[in-house]
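Novice: Next up is a structure, given as structure tokens.
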Amino acid sequence: MDRYPPIADHGLVGDLQTAALVSSQGVVDWFAAPRFDSPSIFAALLDHDGGGHFRIAPEHPDLTCKQLYYPDTAILVTRFMSPDGVGEVVDFMPPDRTRTPTDRHQLIRLVRAVRGTVEFSLECRPRFDYGRAEHRLDVDESGARFHAPGTEAFLQATFPLEADGYDVRGTVRLDAGQSAGAVFTVCAPGGSPPDPLTVGGVHDQLTEVTRFWHAWLRQSRYRGRWPELVHRSVITLKLLTYAPTGALVAAATMGLPEQVGGERNWDYRFTWIRDGSLSVRAMLDLGFVEEATAFLHWLVERLHEREGKEGEPLQTMYRIDGSPDLPEESLEHFEGYRGSAPVRIGNGAADQLQLDIYGEAVYALAQGREIEQQATYAGWKTFCGTLDWLADHWDRPDEGIWETRGGRQDFTYSRVMCWAAFDHGLALAEHWRKPADIDKWRAARDAVFKQVMDRGWSEKEGAFIQHYGSDVLDASLLLMPRVGFLGSRDPLWLSTLDAMDRKLVSDSLVYRYDPAASPDGLRGSEGTFSLCTFLYVDALARAGRLEQARYTFEKMQTYANHVGLFSEEIGPSGEQLGNFPQAFTHLALIMAAGTLDDALDAEHGR
């Protein structure tokens, strides 16, 4: 077996406070607890030997492995087929229903034989604190207990376990129709042991978790052409949302490379203002009002925290509890996925200036009109203060949406989203009849618009460009018609779309920009951005290019992994690259599907 499976060779399970990746070989090779952004316990995906893993699988040399989700759930089934029989491992985590942060989390693994006879082996090799902390082990008839600094973990099984050094192993032989179970429970030091484990108890928990996901998904009002694709995406967004605060993490993982062997390896287990804000629209489109409202409350809290203080009203990203502290460091002892070092924790981009986030934030807050989230007077004052600040500070170079580390530029997309902030702010002031410095906002909005039209256009390319003074195209501008900066069939926009077709699109896949033409301060190259492909579909549909939009959308589905998940990028050979699964890609998929559905319905007179 390859030391490092393909990034796409995984399914995701979670409990709405943290999540784990399970490979199609039955290996949990990524799991951090008690939160998404906590130190890892299993991280073999980033260091095969030192990261830790939890494997349950048959040992048969002639084995075929498959994965699928229980329909309409986040319950993952890994199937093993051999000449002796067919077995399954069913992985799930009981979802948080309290919205209260807890240090106690369970990864449940139901093992069963469905045909013939199957012998499963278990290996549990935790490596706490990113593999930096040693642990003690106690094993008795009730199971195993791992003691590490700041963390304890229990491993229970309905079959015998034994120590293997400081790790644990076991085997179980099952005939068709028989089941066994193993549960890994993480808690704070001194935590009470879990209740005794029984096979019946595991089955009961499986039934309860199935009911939870079915009940939750019944809220969906999506009735379009791609229900399985859209519903898998919204379940994934739910799995990537920290229930106690409503904050959406950008991805479940850290350190997975944008180019194997390269240095573009970032920690994505945080909440970007941009990603979370755009998720509000995606969730509302599908009818998930509770999730949209929770993120809006989290966003407003961030604005309140900075009120009356010096500096920017918002940071680019935060921890899921709202903390602004994300110091970046490298784990030098981890070799990285297939040698892709450095492996970073934290994210230095949190300190960058990215002015576009104000447009996305106001765009999200504007959705509050649909869910009757009218601002309190105190909240409105904070909102006005933010736009007043932006009116004084929008005309500055920044690092831009792609978090470049090659110096600040006058990024066109940042200006477009500043325009969107003022435009939506003016609409909200009118809608809610609230006091605001309307003249200041309108003057700023018009000044931004004029500047973009004067300086953001390239006659050479016949297109809007990445930043002033360049001729580089940038896929972020695919959002221009969605936010209303230009009409979707404006000649200038159609010309820009044509230029992107020529320069950024490769067999329906879309690059963010050309790093060779616009150096971003990092070595190496990258793949096409899956997010950008879905933005491209959205823009094509809005422009009336429906045949092209639909074909692109259908082609993009062939790049999903075997259970419908997308990472950040697609490499030259169609492989998935970057952190996995990526929330931004899945929310863009939802938006593109909705736009394309509506356009196709309109074309057919529905």
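A note on labels: chains of the structure tokens are A, B, ... as shown, every chain counts residues from 1, and ligands are counted from 1 in their shown order.
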Could you give me, as a Markdown table, a per-residue list for region 268-358 of chain A showing, wherever an atom lies at most 9 Å from an atom of region 199-220 of chain A, the closest pair of atoms and their distance in Å to one decimal, using only C-alpha atoms and sorting by chain then residue number from low to high?
Specialist:
```
| residue | atom | partner | partner_atom | distance |
| --- | --- | --- | --- | --- |
| A:Asp285 | CA | A:Ser220 | CA | 8.9 |
| A:Leu286 | CA | A:Ser220 | CA | 5.3 |
| A:Gly287 | CA | A:Ser220 | CA | 5.4 |
| A:Phe288 | CA | A:Gln219 | CA | 6.6 |
```
Novice: Can you tell me, as a PyMOL selection string, which residues in region 339-420 of chain A count as alpha helix (DSSP H) by DSSP?
Specialist: chain A and resi 356-366+377-393+412-420
Novice: So which one's closest to Leu426 (chain A), A:Trp272, A:Tyr363, A:Phe411, A:Ala475? Using only C-alpha atoms, please.
Specialist: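 Smallest separation from Leu426 (chain A) among the options: A:Tyr363.
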Novice: So how far away is CA of Arg442 (chain A) from CA of Met417 (chain A), in Å?
Specialist: 14.5 Å
Novice: Mind checking which residues fall within 9 Å of Ser340 (chain A), counting only C-alpha atoms, ignoring those fewer than 3 positions away in the same chain, and posting them as a list in words?
Specialist: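 So, after excluding close chain neighbours, the residues are Leu46, Gly255, Leu256, Pro257, Gln259, Val260, Gly261, Gly262, Glu263, Arg264, Asn265, Glu335, Gly336, Tyr337 and Val343 of chain A.
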